[in-house]
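First up is the structure itself, then whatever we jot down about it.
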Protein chains: 2
Amino acid sequence: LADRAAAHFRALQDRIVAGLEAVDGGGRFGADAWRRAGGGGGVTRVLADGGLFEKAGVAWSDVFGELPPELAALGPGDGRTFRATGVSLVLHPRSPRVPAVHANFRYVEKGDARWFGGGADLTPCYLRVEDVVHFHRAWKDVCDRHVVADHARFKAWCDEYFFLPHRGEARGAGGIFFDDLGRNAPDDGLEEVFAFVRDAGDTFLPAYVPIATRRKDEPWGEREREWQLFRRGRYVEFNLLHDRGTIFGLRTGGRTESILMSLPPLVRWVYDRAVDAGSPEAEMLDALRPRDWLAP
Amino acid sequence: LADRAAAHFRALQDRIVAGLEAVDGGGRFGADAWRRAGGGGGVTRVLADGGLFEKAGVAWSDVFGELPPELAALGPGDGRTFRATGVSLVLHPRSPRVPAVHANFRYVEKGDARWFGGGADLTPCYLRVEDVVHFHRAWKDVCDRHVVADHARFKAWCDEYFFLPHRGEARGAGGIFFDDLGRNAPDDGLEEVFAFVRDAGDTFLPAYVPIATRRKDEPWGEREREWQLFRRGRYVEFNLLHDRGTIFGLRTGGRTESILMSLPPLVRWVYDRAVDAGSPEAEMLDALRPRDWLAP
């Protein structure tokens with residue numbers, strides 16, 4: 001299964017890169033293949049200074065080896081051997097009108113345990129309800145096609161995971177997040193989970209590209225750009241302070257440049273920045289708390 | 001002693017702010033007084049968009065209360081009550097020719113233990129050996145005036161603390177760092193430590209201002225600015241991934257805006273950025289490993 005998952009994710013990376021180049025309108029992804037000293041490697045693909053994307057990264061990796069004892073003791077699975085393969089992507093558009101987005105799909109073996117994880121979440125600078133609804137609708141639909149996927153649980157998990165306690169804010173408008181999926185399942189159950197993860201991976205482009213396409217030509221100026229750079233600071237804070245994938249990856253000697261390709265290209269921190277009541281910026285902040293976007 | 005330390009640090013904040021306003025040439029620090037729900041409070045002073053400083057923060061606080069059990073179990077001292085008072089400052093100059101700098105001096109009581117800590121470290125974008133030597137010389141001199149201070153140990157401690165393992169780089173050119181000082185000392189020993197900490201606090205301006213003064217009118221352009229914004233990314237990575245003060249402060253419900261005033265005003269991340277061999281940028285990178293700057 002691990003080999004099939006790795007091959008699947010490698011092909012998914014290619015499909016997503018092709019889809020993003022088509023919508024970017026001019027930018028091309030580079031490709032950096034790397035090897036990991038302890039075992040395995042990956043291909044990191046980054047597009048910088050494109051048309052639509054100021055920075056876009058789509059990383060694939062397939063790594064294996066032995067965990068240090070203190071890390072092996074964390075989480076499920078007896079034993080120190082591990083293998084992890086997956087695709088992770090973060091897109092930072094140039095326009096503050098186009099939401100940033102993150103997605104990740106992965107398969108993990110640790111000792112005697114094996115499972116899938118993944119998810120996708122949208123981070124707009126300005127709230128456009130129909131965009132957020134479109135995004136959530138896509139993930140609900142794919143979950144509804146698979147009995148192994150529980151959209152309500154994955155949506156709530158996303159709200160809980162992508163949260164900045166020191167700010168009392170969600171990172172964005174949510175999406176889905178799941179982990180440990182299929183961990184206690186028999187072989188055929190794990191195959192059903194893999195089928196869901198494949199379908200979810202193919203959901204990324206239709207979940208995101210229509211939003212980017214309809215917003216990319218909307219006008220913006222200094223005010224919107226300043227707000228975007230400021231909001232990107234929250235993205236950095238989440239990734240470096242809270243994101244378990246980032247912190248675990250750096251601690252286990254993952255490739256730093258591939259892990260931190262998620263960080264935005266340009267970021268501003270402003271001390272104690274105020275937001276005008278009733279402004280579009282205040283409307284966005286107000287939306288940074290869990291909400292049922294698909295409620296009728 | 002806690003009350004005297006708090007009053008001393010409050011006055012030190014005023015002296016440092018006055019000294020920095022004098023050298024900034026136009027900017028003025030604001031003052032935000034805040035109260036902590038669990039006990040105590042502080043005054044955070046920030047100068048934004050000054051002449052010399054793009055962002056400068058000098059924070060004083062005096063907080064007390066009860067630690068949650070999981071935090072009380074960490075570090076020295078039996079008991080959950082704590083009091084912490086100190087000054088912390090981070091300066092981000094606009095010019096890439098002027099080094100960023102950080103300093104912190106603090107007094108802590110936790111349960112039945114009490115101690116002083118502190119330090120200062122310089123983060124240039126471009127190496128100017130005479131500046132780094134001046135900075136280290138100032139800290140060596142103040143340590144040499146006090147039997148309770150061991151410069152060689154504090155210098156090595158700084159090199160060890162301000163290090164980014166995921167980059168294999170020091171944050172900057174070092175300085176001094178000390179903690180737990182006077183923890184097992186009798187009252188008169190702790191008073192000697194306090195005398196050293198007062199002297200060290202008064203060393204900050206003469207350690208830094210002459211460097212800023214002689215570099216602030218040196219020319220720079222796009223290339224130097226881009227390098228500065230890139231290097232500031234490392235500063236953010238250190239503070240959010242590794243700095244124990246930042247992480248502990250956020251976890252204990254400290255005032256987020258005061259803790260994160262340390263983050264630079266504008267930051268750039270560039271995927272897998274290369275540096276030309278033999279360039280001034282490469283020279284700076286090469287200096288980001290422990291070195292005895294005062295060796296003859």
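We name chains A, B, ... following the order of the structure tokens; residues begin at 1 in each chain, and ligands are numbered from 1 as shown.
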Report as CSV the residues of chain B within 8 Å of chain A, each with its shortest atom pair and distance in Å (one decimal), using only C-alpha atoms, ordered by chain and increasing residue number.
residue,atom,partner,partner_atom,distance
B:Val46,CA,A:Tyr271,CA,7.6
B:His166,CA,A:Leu250,CA,6.2
B:Arg167,CA,A:Thr256,CA,7.3
B:Glu237,CA,A:Leu240,CA,7.0
B:Leu240,CA,A:Leu241,CA,5.6
B:Leu241,CA,A:Leu240,CA,5.6
B:Ile247,CA,A:Leu241,CA,7.8
B:Leu250,CA,A:His166,CA,6.2
B:Arg251,CA,A:His166,CA,7.8
B:Gly253,CA,A:His166,CA,7.5
B:Thr256,CA,A:His166,CA,6.3
B:Glu257,CA,A:Asp272,CA,6.0
B:Met261,CA,A:Tyr271,CA,6.0
B:Leu263,CA,A:Trp269,CA,6.6
B:Pro264,CA,A:Trp269,CA,6.5
B:Pro265,CA,A:Trp269,CA,4.8
B:Leu266,CA,A:Arg268,CA,4.4
B:Val267,CA,A:Val267,CA,5.1
B:Arg268,CA,A:Leu266,CA,4.4
B:Trp269,CA,A:Pro265,CA,4.8
B:Val270,CA,A:Pro265,CA,6.3
B:Tyr271,CA,A:Met261,CA,6.0
B:Asp272,CA,A:Glu257,CA,6.0
**Request:** Select from range 9-243 of chain A everything DSSP, run on the backbone, classes as helix (DSSP H, G or I), then give the selection as a VMD selection string.
**Result:** chain A and resid 9 to 24 69 to 72 129 to 144 151 to 161 187 to 201 204 to 215 222 to 242
**Complete:** Between B:Asp3, B:Glu169, B:Glu218, B:Asp150, smallest distance to Val193 in chain B by only C-alpha atoms belongs to B:Asp150
**Asked** Phe135 in chain B: which residues within 9 Å, counting only C-alpha atoms, same-chain residues fewer than 5 positions away excluded, as a PyMOL selection string?
**Response** chain B and resi 121-122+130+140+175+206-208+211
**Request:** Enumerate as a ChimeraX atom specification all residues of range 69-268 of chain B assigned to strand (DSSP E or B) by DSSP on the backbone, naming them with the chain letters and numbers the document uses.
**Result:** /B:81-93,100-110,113-123,163-164,169-170,174-181,266-268
**Asked** So which residues touch range 13-19 of chain B within 10 Å, counting only C-alpha atoms, skipping near sequence neighbours fewer than 6 positions away, as a list in words?
**Response**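 Surrounding residues, per the criterion: Ala7, Arg28, Phe29, Val43, Thr44, Arg45, Val46, Leu47, Ala56, Gly57, Val58, Ala59, Trp60, Gly86, Val87, Ser88, Leu89, Gly201, Asp202, Phe204, Leu205, Pro206 and Val209 of chain B.
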**Request:** Kindly indicate which residue among A:Ala282, A:Val197, A:Cys143, A:Leu288 lies nearest to Leu164 in chain A, using only C-alpha atoms for the distances.
**Result:** A:Leu288
**Asked** What gap, in Å, lies between CA of Cys158 in chain A and CA of Phe178 in chain A?
**Response** 7.6 Å
**Request:** Within 8 Å of Trp227 in chain A, counting only C-alpha atoms, which residues show up once you throw out same-chain ones fewer than 6 positions away? Write them as a PyMOL selection string, please.
**Result:** chain A and resi 96+125+281
